[in-house]
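Participant: Please find one structure pasted underneath; my questions will follow.
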Amino acid sequence: METEVVVGLLRQLLSDGNEVRNSAEKSYQDLSMTIRVPALLNILGTVNPAVEDATVLRTLAAVLLRRTFVNEFTSFEKEASAELMAQTKSTLLSLIASEPLAIVRKRVCDIVAELARCMQDDAGTNLWPEVLTRLFEFGSSDRPELRDAALHIISSTPTIFGSQRTHYIAVIKTLLARCLGDQTNSVRYSACKATTAFVGSLRADPCRTHFADMVPALVQVTEQSVTDSSADDSALQAFLDFCQRQPRLLRQCLDDVVALSLKIASTADLEEKVRQFGLEIVITLAEEAPAMVRKRAGKYLQNIVQQVLAFMVDVDDDETWGDQDTPDEGDDTSNSVYAESGLDRLAVALGGNCILPLMMGMLGPMLGSTKWEHRYGALLAVSAMAEGCHKQMLPHLQEILQRTIPFLQDAHPRVRYSACNAIGQMGVDLAQDIQRKYHNAIIPALLMVIESQQTLRVQEHAFQALVNFISYLPQYLLTPYLSPIAIKVEEMFGRALDDLVANGRKMVLQAIIMLITTLADVADKQFEPHYERFMPRLKFLLQNAVGDDLRTLRGKAIECITTIGAATPDKLRPDVQPIMDLLVHILRESNNGQMDPSDPQIAYMISAWPRMASILQQDFVPYLQMILPMTIAAAELQPEVVVVDSDEAKEQFDEKDGWQFMTLTDQQKFGLKTAGLQEKATACETITSFVRELGVGFSDNTVQVANVMRPLLKFYFDETVRQAAAECLPLLLSSVKPHGEEALLSLWQLFRDDLFSACEHEPERPVLSCVLCSLSDCVEVLGTVGFDAGIMTKLISILHARLEEYYSRKKEREAQRGEEDHDEDADEDLEMERECDEQVLAKVTDVLHALFSVHKAELFPFFDQLVPIFTMMLKPELSAEEHQWALCVFDDVIEFGGAESLRYQQFFLEPMIAYVLDESAEVRQAAAYGIGIMALHGGESYFPACVNALPHLAKACSAEVDPSDYMSCCAYENAVSAVAKVCRHLPEAMLNLAELLPLWLSWLPVISEDEEAPHVYEYLCQLIVQNNVHILGDNHANLPRIVSIFTRALSSEVLTDCAALADQMLAILKQVQSSPETWQAICTMLPQEEQAMVAKLLPTTS
């Protein structure tokens, strides 16, 4: 009876009517597990050819039963009796052996695989031992369909052996190897999928190497499956996944793997998708094991690149292409589009040293071809390789541009388009270099394409290329072009607007608005003369572009108006109220401010609000009540995620809708719908900008926003979101701080644990640096509020863990450098990782600096936990960066701990003095600063050490310094300042000032270090006022030197924040000037450059 009820529900679930299906779904879900599961098993086990829809019903029953175990196994386990559980397991295993239909048997295998996965405990113990027994029986059966079933179960759940995997490893290998050589094709293909899944799941398990000798068989079976017209591409996809998971197992057979890849890719009668899968094999290997590919497959790189280029020129002509009013996004499944992405990935993975020489040799003939497809493909290749080859392209950039720019005038529009694309992409990937050296060739060439107006799509893409190029153009280089471009764009803006009204075409108009936006952004205040050229038309668009098909256009107008406003706030001020009224009107007309989440205007408006807030400042606060809800809604947007079978991923989720999938260990797919992620990130950045710009004016919203940002610290789908959330938190504290300690503490306690957790668990180094920066900023804002012993202990333990992780990652890099295939390019990648880790180390020391600046010596009992690590970092054999940051920490110990810091002197004193003469400028600077701090804050117990350090400081001050090397100048000036602090604060009896002070005067001026300059010049002024003979010299012989020092210092920016000190120095100069004869004699002794400085400082001088 119960089975009949479920059969009826299944038929209703298959109905075409939504209401019927929805009702059946509810009724089905209302059934208890103890009814649902036995009924589904009964339906599965009933083979009745007389029932027309029996196979469909049984297949659906299998799908639903598996879904029950995927989503509700815990509930089933609680409700089911031991008898029902045993019956379920037994029935499923029996069904595999008895089921006559392959499609149903496969579904039953899926259920068994899922149930076996569910019945492993946390230790990996298999609580269903019978399944392994039957699995091996099926795998050894003389019936091919049972061998296939066993392999399918392994493919679906390769972790099925759990903690017994090592025990069964030889048996598993024998089973898989035998099936790879099976006489039945389908079994061989299933064995390929099972082997790749199982070995892929081993990850770093040492036993994976036992399967390396099976790779030749995998290659052979994969090739056979591709040429077998009765087979699908699942074996090929499985092998591709294996290349991603276990690339180094392919080392000994790499020749065969590359040959397979190229053979599949070059076989023209195969489907495009299959050919792309073939090429994807080598591209994936290049990404996962670049050093191995460079070293062992280098001889094939020319063939690989040639195949990529062959794909790239596989493009059809379309006479209507040029005048279509939509950007050319291409067919994302075509060989040409795939190849463009593939070459980009190859270049990034293998590096320019490998790819560029090959490309330079191949591009010439292609560019000279009479076939437009070849010229088109060659130019696309230039843009595709630019990111990965940017360093190596720079010496050849003139040659590349000489080859590329003429094609902006090619006879074929697709070639002109790809030339624009190449220049635009190089403008981004080779930014700064290409702008500075070749602006005079590129900007006029692109303007010529824009003015020709031959083809809509080419014209639009030329605008886009110019946008890319100008985005990275220094303002001083844009200046001579600004007016000519603005005049031309104004004329074209009018024509494009007329074209919109007459013909509804908007693509070029949108590109023009983007260019205006970029010009305003780069030109900044220099854009003021052009405000009236564009603002009236932009406001017209804002007011009148109201149709659904014009929402993107109006969004771009919003972006342009607010960017111009941010660049020219004084010009915007008369228009600001009408513009804000229009923006608010757009919000109000959109469902009372609740805009459709798919409305493209949302992203533009969210980006625009911070610019308006920066202009209006506190006058923007009244608008928050309307604007903030929409922005918070975008920030809280949750992406759609699914975990589905591979088949379901293909059938139900389209990549064109923004779905991206990755394969999980058990061959399921994890899917993420990326649509909306950019808007979410922008919204988070916008909220952060609001808090920064409005300060206390935002304080009424701090709790609400803190609750939005807290969970986003763990939003691992997008780094920008996590960074914005971290950046926002200390700004929220600053916003609420004027309301008192209670409000400050309450807000801190609201998100403190979330921030600590992010500091502990954030996986990406750049984001971790941002999170640690947030923490140090919070400490500075809070002061002593909210830090008891428990919190301090927790915080120090977090820093300790990050320091240990730093050394763990360093050890891993050293191990990688010793690997068999390691090469120079791999070393570059490791160097980039090292730089990211050094940044994290720097941020850890910033947190400590903030803690010491607030808590001073009270921090020492907690700091003791970190002392061994920072002491170790001072060892001579370690890196300069480690020395630098350890010294910075001990500098803080002295500066904020004062005399109490003596407890640590045994750990840092000798190294600090020694490192005053280190090769690294950063280390010298930190060491010299520490010596000065000892004299300034350490107290008399440090005085002997300061005296002992003077010879090292004198040597550092006597060394030649390259004026163009900023860090060397800073290190030098810190040493000079340290000597000043020692001389000023130590008893004269401990020093030989008669010898020291003339030397010290000879080391001046200090004109780079604005933190140290006040110490130096306050002391110098003090000595001059005291008529110190060692400074003034006999008969004031040193006055010319002093005038020169003061002149250089006052003419620099080093005393910008020290007005009183600068006035005192000017007064001394004027006192010298009051004696005309002496002053004239001194001025004639100065170099011409300094004479001009004196004339500017003291304009009355003759």
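By convention here, the chains of the structure tokens are called A, B, ... in the order presented, each chain's residues are numbered starting at 1, and ligands are numbered starting at 1 in the order presented.
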Could you pull out the alpha helix (DSSP H) residues of stretch 178-367 of chain A, going by DSSP on the backbone, and write them as a ChimeraX atom specification?
Facilitator: /A:178-180,185-201,215-227,234-245,254-266,272-288,290-296,301-312,335-350,352-367
Participant: Could those selected residues go to a file with C-alpha atoms, as a compact mmCIF listing (two decimals), in the first residue's frame?
Facilitator:
# COMPACT_ATOMS: atom_id res chain seq x y z
CA ARG A 178 43.38 -5.98 -14.48
CA CYS A 179 40.33 -3.97 -15.49
CA LEU A 180 42.43 -1.47 -17.48
CA ASN A 185 35.76 -1.64 -23.79
CA SER A 186 33.25 -0.22 -21.32
CA VAL A 187 35.08 -1.91 -18.43
CA ARG A 188 38.39 -0.43 -19.56
CA TYR A 189 36.88 3.05 -19.73
CA SER A 190 35.32 2.61 -16.28
CA ALA A 191 38.69 1.38 -14.99
CA CYS A 192 40.29 4.56 -16.32
CA LYS A 193 37.77 6.65 -14.42
CA ALA A 194 38.10 4.56 -11.26
CA THR A 195 41.91 4.60 -11.32
CA THR A 196 42.17 8.34 -11.88
CA ALA A 197 39.58 9.01 -9.17
CA PHE A 198 41.19 6.71 -6.63
CA VAL A 199 44.80 7.78 -7.22
CA GLY A 200 43.69 11.39 -7.48
CA SER A 201 42.10 11.11 -4.05
CA VAL A 215 50.00 5.67 -16.31
CA PRO A 216 50.89 4.10 -19.71
CA ALA A 217 47.74 1.97 -19.52
CA LEU A 218 45.69 5.06 -18.58
CA VAL A 219 47.07 6.92 -21.58
CA GLN A 220 46.28 3.98 -23.87
CA VAL A 221 42.72 3.55 -22.61
CA THR A 222 42.04 7.30 -22.74
CA GLU A 223 43.20 7.43 -26.36
CA GLN A 224 41.06 4.43 -27.24
CA SER A 225 37.98 6.02 -25.64
CA VAL A 226 38.44 9.16 -27.74
CA THR A 227 38.49 7.23 -31.00
CA SER A 234 34.03 10.81 -19.51
CA ALA A 235 37.29 8.82 -19.57
CA LEU A 236 39.06 11.77 -21.18
CA GLN A 237 37.64 14.13 -18.56
CA ALA A 238 38.71 11.73 -15.81
CA PHE A 239 42.26 11.62 -17.16
CA LEU A 240 42.27 15.42 -17.37
CA ASP A 241 41.19 15.62 -13.73
CA PHE A 242 43.99 13.17 -12.87
CA CYS A 243 46.51 15.50 -14.57
CA GLN A 244 45.35 18.27 -12.28
CA ARG A 245 45.47 16.20 -9.09
CA LEU A 254 55.26 12.74 -20.00
CA ASP A 255 56.24 12.16 -23.63
CA ASP A 256 53.26 9.83 -24.10
CA VAL A 257 50.90 12.21 -22.30
CA VAL A 258 51.92 15.20 -24.42
CA ALA A 259 51.68 13.10 -27.57
CA LEU A 260 48.15 12.06 -26.58
CA SER A 261 47.21 15.66 -25.91
CA LEU A 262 48.46 16.90 -29.26
CA LYS A 263 46.96 13.98 -31.15
CA ILE A 264 43.49 14.63 -29.77
CA ALA A 265 43.75 18.39 -30.28
CA SER A 266 44.91 18.07 -33.89
CA GLU A 272 35.44 20.83 -30.73
CA LYS A 273 34.86 20.08 -27.06
CA VAL A 274 36.88 16.86 -27.22
CA ARG A 275 39.75 18.57 -29.06
CA GLN A 276 39.77 21.29 -26.42
CA PHE A 277 39.85 18.66 -23.66
CA GLY A 278 42.87 17.18 -25.42
CA LEU A 279 44.76 20.47 -25.46
CA GLU A 280 43.62 21.13 -21.90
CA ILE A 281 45.77 18.18 -20.77
CA VAL A 282 49.06 19.96 -21.47
CA ILE A 283 47.75 23.33 -20.33
CA THR A 284 46.64 21.82 -17.03
CA LEU A 285 50.01 20.10 -16.57
CA ALA A 286 51.75 23.41 -17.29
CA GLU A 287 49.70 25.10 -14.57
CA GLU A 288 50.05 22.32 -11.99
CA PRO A 290 55.30 24.15 -14.66
CA ALA A 291 58.89 23.26 -13.81
CA MET A 292 58.33 19.64 -14.87
CA VAL A 293 56.81 20.72 -18.19
CA ARG A 294 59.59 23.22 -18.89
CA LYS A 295 62.29 20.66 -18.13
CA ARG A 296 60.81 17.46 -19.53
CA LEU A 301 56.48 23.44 -26.61
CA GLN A 302 56.73 24.57 -30.22
CA ASN A 303 54.17 21.96 -31.27
CA ILE A 304 51.95 22.89 -28.33
CA VAL A 305 52.02 26.58 -29.17
CA GLN A 306 51.44 25.84 -32.85
CA GLN A 307 48.35 23.86 -31.92
CA VAL A 308 47.08 26.70 -29.76
CA LEU A 309 47.56 29.09 -32.68
CA ALA A 310 45.80 26.65 -35.01
CA PHE A 311 42.80 26.83 -32.70
CA MET A 312 43.08 30.59 -32.57
CA ASN A 335 38.25 26.81 -30.52
CA SER A 336 39.37 30.40 -31.04
CA VAL A 337 37.99 31.65 -27.71
CA TYR A 338 39.36 28.61 -25.90
CA ALA A 339 42.79 29.11 -27.48
CA GLU A 340 42.95 32.74 -26.41
CA SER A 341 42.37 31.71 -22.80
CA GLY A 342 44.69 28.71 -23.21
CA LEU A 343 47.63 30.78 -24.45
CA ASP A 344 47.15 33.23 -21.61
CA ARG A 345 47.26 30.35 -19.11
CA LEU A 346 50.30 28.77 -20.77
CA ALA A 347 52.21 32.04 -20.72
CA VAL A 348 51.36 32.70 -17.08
CA ALA A 349 52.24 29.13 -16.07
CA LEU A 350 55.44 28.60 -18.04
CA GLY A 352 57.95 34.47 -20.85
CA ASN A 353 61.36 32.84 -21.10
CA CYS A 354 59.66 29.75 -22.54
CA ILE A 355 56.79 31.22 -24.51
CA LEU A 356 57.98 34.54 -25.96
CA PRO A 357 60.85 33.23 -28.14
CA LEU A 358 58.49 30.70 -29.70
CA MET A 359 55.79 33.31 -30.26
CA MET A 360 58.15 35.85 -31.78
CA GLY A 361 59.21 33.27 -34.37
CA MET A 362 55.64 32.24 -35.24
CA LEU A 363 53.87 35.59 -35.27
CA GLY A 364 55.85 37.07 -38.17
CA PRO A 365 54.56 34.68 -40.87
CA MET A 366 51.04 34.87 -39.44
CA LEU A 367 51.02 38.68 -39.51
Participant: Taking 6 positions as the minimum chain separation for residues in the same chain, which residues sit within 12 Å of A:Asp827 when counting only C-alpha atoms? Answer as a list in words.
Facilitator: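 Selected residues are Pro290, Ala291, Gly351, Arg813, Glu814, Ala815, Gln816, Arg817, Gly818, Glu819, Asp821, Glu833 and Arg834 of chain A.
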Participant: Mind checking which residues fall within 12 Å of A:Arg36, counting only C-alpha atoms, ignoring those fewer than 5 positions away in the same chain, and posting them as JSON, numbers by chain?
Facilitator: {"A": [2, 3, 4, 5, 6, 7, 9, 10, 27, 28, 29, 30, 31, 41, 42, 43, 61, 62, 64, 65, 66, 67, 68, 69, 72, 76, 79, 80, 84, 88]}
Participant: Go ahead and save the picked residues with N, CA and C atoms, as a PDB file, in the first residue's frame.
Facilitator:
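Result written to again29.pdb:
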ATOM      1  N   GLU A   2       1.849   1.262   0.869  1.00  0.00           N
ATOM      2  CA  GLU A   2       2.725   2.436   0.950  1.00  0.00           C
ATOM      3  C   GLU A   2       3.508   2.610  -0.341  1.00  0.00           C
ATOM      4  N   THR A   3       3.914   1.453  -0.925  1.00  0.00           N
ATOM      5  CA  THR A   3       4.647   1.526  -2.188  1.00  0.00           C
ATOM      6  C   THR A   3       3.774   2.119  -3.280  1.00  0.00           C
ATOM      7  N   GLU A   4       2.491   1.734  -3.315  1.00  0.00           N
ATOM      8  CA  GLU A   4       1.575   2.270  -4.325  1.00  0.00           C
ATOM      9  C   GLU A   4       1.404   3.784  -4.173  1.00  0.00           C
ATOM     10  N   VAL A   5       1.355   4.248  -2.924  1.00  0.00           N
ATOM     11  CA  VAL A   5       1.251   5.697  -2.688  1.00  0.00           C
ATOM     12  C   VAL A   5       2.466   6.428  -3.252  1.00  0.00           C
ATOM     13  N   VAL A   6       3.654   5.873  -2.986  1.00  0.00           N
ATOM     14  CA  VAL A   6       4.884   6.514  -3.470  1.00  0.00           C
ATOM     15  C   VAL A   6       4.957   6.460  -4.988  1.00  0.00           C
ATOM     16  N   VAL A   7       4.501   5.332  -5.606  1.00  0.00           N
ATOM     17  CA  VAL A   7       4.474   5.253  -7.070  1.00  0.00           C
ATOM     18  C   VAL A   7       3.611   6.378  -7.639  1.00  0.00           C
ATOM     19  N   LEU A   9       2.971   9.248  -6.250  1.00  0.00           N
ATOM     20  CA  LEU A   9       3.681  10.526  -6.082  1.00  0.00           C
ATOM     21  C   LEU A   9       4.775  10.700  -7.128  1.00  0.00           C
ATOM     22  N   LEU A  10       5.460   9.602  -7.437  1.00  0.00           N
ATOM     23  CA  LEU A  10       6.525   9.699  -8.448  1.00  0.00           C
ATOM     24  C   LEU A  10       5.945  10.087  -9.798  1.00  0.00           C
ATOM     25  N   SER A  27       3.998  16.367  -0.518  1.00  0.00           N
ATOM     26  CA  SER A  27       3.504  15.102   0.036  1.00  0.00           C
ATOM     27  C   SER A  27       4.637  14.106   0.217  1.00  0.00           C
ATOM     28  N   TYR A  28       5.539  14.090  -0.745  1.00  0.00           N
ATOM     29  CA  TYR A  28       6.680  13.179  -0.663  1.00  0.00           C
ATOM     30  C   TYR A  28       7.564  13.535   0.538  1.00  0.00           C
ATOM     31  N   GLN A  29       7.836  14.811   0.714  1.00  0.00           N
ATOM     32  CA  GLN A  29       8.692  15.240   1.816  1.00  0.00           C
ATOM     33  C   GLN A  29       8.040  14.978   3.176  1.00  0.00           C
ATOM     34  N   ASP A  30       6.697  14.959   3.201  1.00  0.00           N
ATOM     35  CA  ASP A  30       5.996  14.716   4.458  1.00  0.00           C
ATOM     36  C   ASP A  30       6.064  13.259   4.906  1.00  0.00           C
ATOM     37  N   LEU A  31       6.426  12.373   3.974  1.00  0.00           N
ATOM     38  CA  LEU A  31       6.536  10.952   4.321  1.00  0.00           C
ATOM     39  C   LEU A  31       7.716  10.731   5.249  1.00  0.00           C
ATOM     40  N   LEU A  41      12.940   1.381  -2.333  1.00  0.00           N
ATOM     41  CA  LEU A  41      13.643   0.115  -2.575  1.00  0.00           C
ATOM     42  C   LEU A  41      12.746  -0.882  -3.289  1.00  0.00           C
ATOM     43  N   ASN A  42      11.459  -0.943  -2.877  1.00  0.00           N
ATOM     44  CA  ASN A  42      10.526  -1.843  -3.532  1.00  0.00           C
ATOM     45  C   ASN A  42      10.335  -1.493  -5.001  1.00  0.00           C
ATOM     46  N   ILE A  43      10.214  -0.202  -5.277  1.00  0.00           N
ATOM     47  CA  ILE A  43      10.048   0.251  -6.671  1.00  0.00           C
ATOM     48  C   ILE A  43      11.287  -0.108  -7.485  1.00  0.00           C
ATOM     49  N   ALA A  61      13.159   6.739  -8.741  1.00  0.00           N
ATOM     50  CA  ALA A  61      13.254   6.215  -7.374  1.00  0.00           C
ATOM     51  C   ALA A  61      14.707   6.145  -6.932  1.00  0.00           C
ATOM     52  N   ALA A  62      15.583   5.723  -7.847  1.00  0.00           N
ATOM     53  CA  ALA A  62      17.014   5.651  -7.510  1.00  0.00           C
ATOM     54  C   ALA A  62      17.580   7.030  -7.223  1.00  0.00           C
ATOM     55  N   LEU A  64      15.959   9.690  -6.172  1.00  0.00           N
ATOM     56  CA  LEU A  64      15.420  10.201  -4.911  1.00  0.00           C
ATOM     57  C   LEU A  64      16.025   9.499  -3.703  1.00  0.00           C
ATOM     58  N   LEU A  65      16.288   8.203  -3.836  1.00  0.00           N
ATOM     59  CA  LEU A  65      16.876   7.476  -2.718  1.00  0.00           C
ATOM     60  C   LEU A  65      18.300   7.964  -2.451  1.00  0.00           C
ATOM     61  N   ARG A  66      19.048   8.166  -3.517  1.00  0.00           N
ATOM     62  CA  ARG A  66      20.403   8.686  -3.322  1.00  0.00           C
ATOM     63  C   ARG A  66      20.361  10.087  -2.714  1.00  0.00           C
ATOM     64  N   ARG A  67      19.416  10.908  -3.191  1.00  0.00           N
ATOM     65  CA  ARG A  67      19.295  12.265  -2.663  1.00  0.00           C
ATOM     66  C   ARG A  67      18.937  12.231  -1.172  1.00  0.00           C
ATOM     67  N   THR A  68      18.162  11.235  -0.780  1.00  0.00           N
ATOM     68  CA  THR A  68      17.827  11.084   0.640  1.00  0.00           C
ATOM     69  C   THR A  68      19.083  10.867   1.468  1.00  0.00           C
ATOM     70  N   PHE A  69      19.983  10.022   0.968  1.00  0.00           N
ATOM     71  CA  PHE A  69      21.210   9.754   1.713  1.00  0.00           C
ATOM     72  C   PHE A  69      22.155  10.951   1.683  1.00  0.00           C
ATOM     73  N   GLU A  72      19.799  13.739   3.856  1.00  0.00           N
ATOM     74  CA  GLU A  72      19.059  13.430   5.075  1.00  0.00           C
ATOM     75  C   GLU A  72      19.516  12.138   5.732  1.00  0.00           C
ATOM     76  N   PHE A  76      17.703   9.647   8.615  1.00  0.00           N
ATOM     77  CA  PHE A  76      17.377   8.251   8.317  1.00  0.00           C
ATOM     78  C   PHE A  76      18.025   7.319   9.334  1.00  0.00           C
ATOM     79  N   GLU A  79      16.018   7.370  12.545  1.00  0.00           N
ATOM     80  CA  GLU A  79      14.671   6.813  12.479  1.00  0.00           C
ATOM     81  C   GLU A  79      14.659   5.321  12.164  1.00  0.00           C
ATOM     82  N   ALA A  80      15.639   4.871  11.378  1.00  0.00           N
ATOM     83  CA  ALA A  80      15.604   3.491  10.879  1.00  0.00           C
ATOM     84  C   ALA A  80      15.970   2.502  11.980  1.00  0.00           C
ATOM     85  N   LEU A  84      15.763  -2.401   9.363  1.00  0.00           N
ATOM     86  CA  LEU A  84      15.581  -1.633   8.131  1.00  0.00           C
ATOM     87  C   LEU A  84      16.933  -1.239   7.535  1.00  0.00           C
ATOM     88  N   THR A  88      18.153  -2.443   3.930  1.00  0.00           N
ATOM     89  CA  THR A  88      18.510  -1.452   2.903  1.00  0.00           C
ATOM     90  C   THR A  88      19.853  -1.790   2.275  1.00  0.00           C
TER      91      THR A  88
END
Participant: Which residues are close to A:Ala486, i.e. within 9 Å by only C-alpha atoms, leaving aside same-chain residues fewer than 2 positions away? Reply as a VMD selection string.
Facilitator: chain A and resid 481 to 484 488 to 491 516 519 530 533
Participant: Next, write the just-selected residues to a file, as a short mmCIF file (atom, residue, chain, number, x, y, z; two decimals), in the first residue's frame, keeping all heavy atoms as the atom set.
Facilitator:
data_model
loop_
_atom_site.label_atom_id
_atom_site.label_comp_id
_atom_site.auth_asym_id
_atom_site.auth_seq_id
_atom_site.Cartn_x
_atom_site.Cartn_y
_atom_site.Cartn_z
N TYR A 481 47.57 65.83 -24.34
CA TYR A 481 46.54 65.19 -25.16
C TYR A 481 45.13 65.56 -24.73
O TYR A 481 44.17 65.37 -25.49
CB TYR A 481 46.67 63.66 -25.08
CG TYR A 481 47.94 63.09 -25.64
CD1 TYR A 481 48.93 62.62 -24.79
CD2 TYR A 481 48.13 62.98 -27.01
CE1 TYR A 481 50.11 62.08 -25.29
CE2 TYR A 481 49.30 62.44 -27.53
CZ TYR A 481 50.29 61.98 -26.66
OH TYR A 481 51.44 61.45 -27.17
N LEU A 482 44.98 66.06 -23.50
CA LEU A 482 43.66 66.17 -22.89
C LEU A 482 42.71 67.03 -23.72
O LEU A 482 41.59 66.61 -24.05
CB LEU A 482 43.79 66.72 -21.47
CG LEU A 482 42.48 66.83 -20.67
CD1 LEU A 482 41.79 65.48 -20.58
CD2 LEU A 482 42.76 67.38 -19.27
N SER A 483 43.12 68.23 -24.05
CA SER A 483 42.22 69.12 -24.79
C SER A 483 41.90 68.60 -26.18
O SER A 483 40.72 68.58 -26.58
CB SER A 483 42.83 70.52 -24.87
OG SER A 483 42.80 71.14 -23.60
N PRO A 484 42.89 68.16 -26.98
CA PRO A 484 42.55 67.62 -28.30
C PRO A 484 41.59 66.43 -28.23
O PRO A 484 40.65 66.33 -29.02
CB PRO A 484 43.91 67.20 -28.88
CG PRO A 484 44.91 68.03 -28.15
CD PRO A 484 44.36 68.22 -26.79
N LYS A 488 37.56 66.25 -29.63
CA LYS A 488 37.08 65.21 -30.55
C LYS A 488 35.96 64.39 -29.92
O LYS A 488 34.96 64.07 -30.57
CB LYS A 488 38.24 64.30 -30.95
CG LYS A 488 39.26 64.97 -31.84
CD LYS A 488 40.41 64.02 -32.18
CE LYS A 488 41.44 64.72 -33.06
NZ LYS A 488 42.60 63.85 -33.38
N VAL A 489 36.13 64.05 -28.67
CA VAL A 489 35.14 63.21 -27.99
C VAL A 489 33.83 63.97 -27.84
O VAL A 489 32.74 63.38 -27.95
CB VAL A 489 35.68 62.73 -26.63
CG1 VAL A 489 34.58 62.04 -25.82
CG2 VAL A 489 36.84 61.77 -26.83
N GLU A 490 33.90 65.28 -27.60
CA GLU A 490 32.67 66.07 -27.49
C GLU A 490 31.85 65.97 -28.77
O GLU A 490 30.63 65.77 -28.73
CB GLU A 490 33.02 67.53 -27.21
CG GLU A 490 31.78 68.42 -27.09
CD GLU A 490 32.15 69.89 -26.97
OE1 GLU A 490 33.31 70.25 -27.28
OE2 GLU A 490 31.27 70.68 -26.59
N GLU A 491 32.53 66.09 -29.91
CA GLU A 491 31.83 66.01 -31.20
C GLU A 491 31.22 64.62 -31.40
O GLU A 491 30.07 64.49 -31.82
CB GLU A 491 32.82 66.33 -32.33
CG GLU A 491 32.20 66.26 -33.71
CD GLU A 491 33.25 66.46 -34.80
OE1 GLU A 491 34.40 66.85 -34.47
OE2 GLU A 491 32.92 66.19 -35.97
N ILE A 516 35.37 59.29 -21.30
CA ILE A 516 35.25 60.55 -20.55
C ILE A 516 35.52 60.30 -19.06
O ILE A 516 36.21 61.08 -18.39
CB ILE A 516 33.85 61.17 -20.76
CG1 ILE A 516 33.63 61.52 -22.23
CG2 ILE A 516 33.67 62.42 -19.90
CD1 ILE A 516 32.18 61.86 -22.58
N LEU A 519 39.24 59.86 -18.59
CA LEU A 519 39.95 61.14 -18.72
C LEU A 519 39.81 61.95 -17.43
O LEU A 519 40.80 62.52 -16.93
CB LEU A 519 39.38 61.93 -19.90
CG LEU A 519 39.70 61.40 -21.30
CD1 LEU A 519 38.90 62.15 -22.35
CD2 LEU A 519 41.20 61.51 -21.61
N HIS A 530 36.97 71.27 -19.11
CA HIS A 530 36.14 70.45 -20.01
C HIS A 530 34.83 70.03 -19.35
O HIS A 530 34.07 69.25 -19.93
CB HIS A 530 36.94 69.22 -20.46
CG HIS A 530 38.29 69.55 -20.99
ND1 HIS A 530 38.47 70.19 -22.19
CD2 HIS A 530 39.54 69.38 -20.46
CE1 HIS A 530 39.77 70.39 -22.40
NE2 HIS A 530 40.43 69.91 -21.36
N ARG A 533 31.75 70.79 -21.39
CA ARG A 533 31.64 70.05 -22.64
C ARG A 533 30.72 68.83 -22.49
O ARG A 533 30.01 68.44 -23.42
CB ARG A 533 33.01 69.55 -23.11
CG ARG A 533 33.99 70.60 -23.54
CD ARG A 533 35.26 69.93 -24.07
NE ARG A 533 36.30 70.90 -24.31
CZ ARG A 533 36.39 71.65 -25.41
NH1 ARG A 533 35.48 71.53 -26.37
NH2 ARG A 533 37.37 72.52 -25.56
#
Participant: Quick one: everything within 12 Å of A:Ser689, counting only C-alpha atoms, minus sequence neighbours fewer than 5 positions away in the same chain. Send it as a list in words.
Facilitator: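 Selected residues are Ile606, Ser607, Ala608, Trp609, Pro610, Arg611, Met612, Ala613, Ser614, Gln617, Thr631, Thr682, Ala683, Cys684, Leu694, Gly695, Phe698, Ala724, Ala725, Glu727, Cys728, Leu729, Leu731 and Leu732 of chain A.
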Participant: Can you tell me which residues surround stretch 1049-1062 of chain A at a distance of at most 12 Å, considering only C-alpha atoms, apart from same-chain residues fewer than 5 positions away, and format the answer as a ChimeraX atom specification?
Facilitator: /A:970,973,1004-1022,1042-1044,1067-1069,1089-1098
Participant: Nearest residue to A:Thr370 out of A:His412, A:His1030, A:Lys673, A:His390, using only C-alpha atoms?
Facilitator: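 Residue with the minimum atom-to-atom distance to A:Thr370: A:His412.
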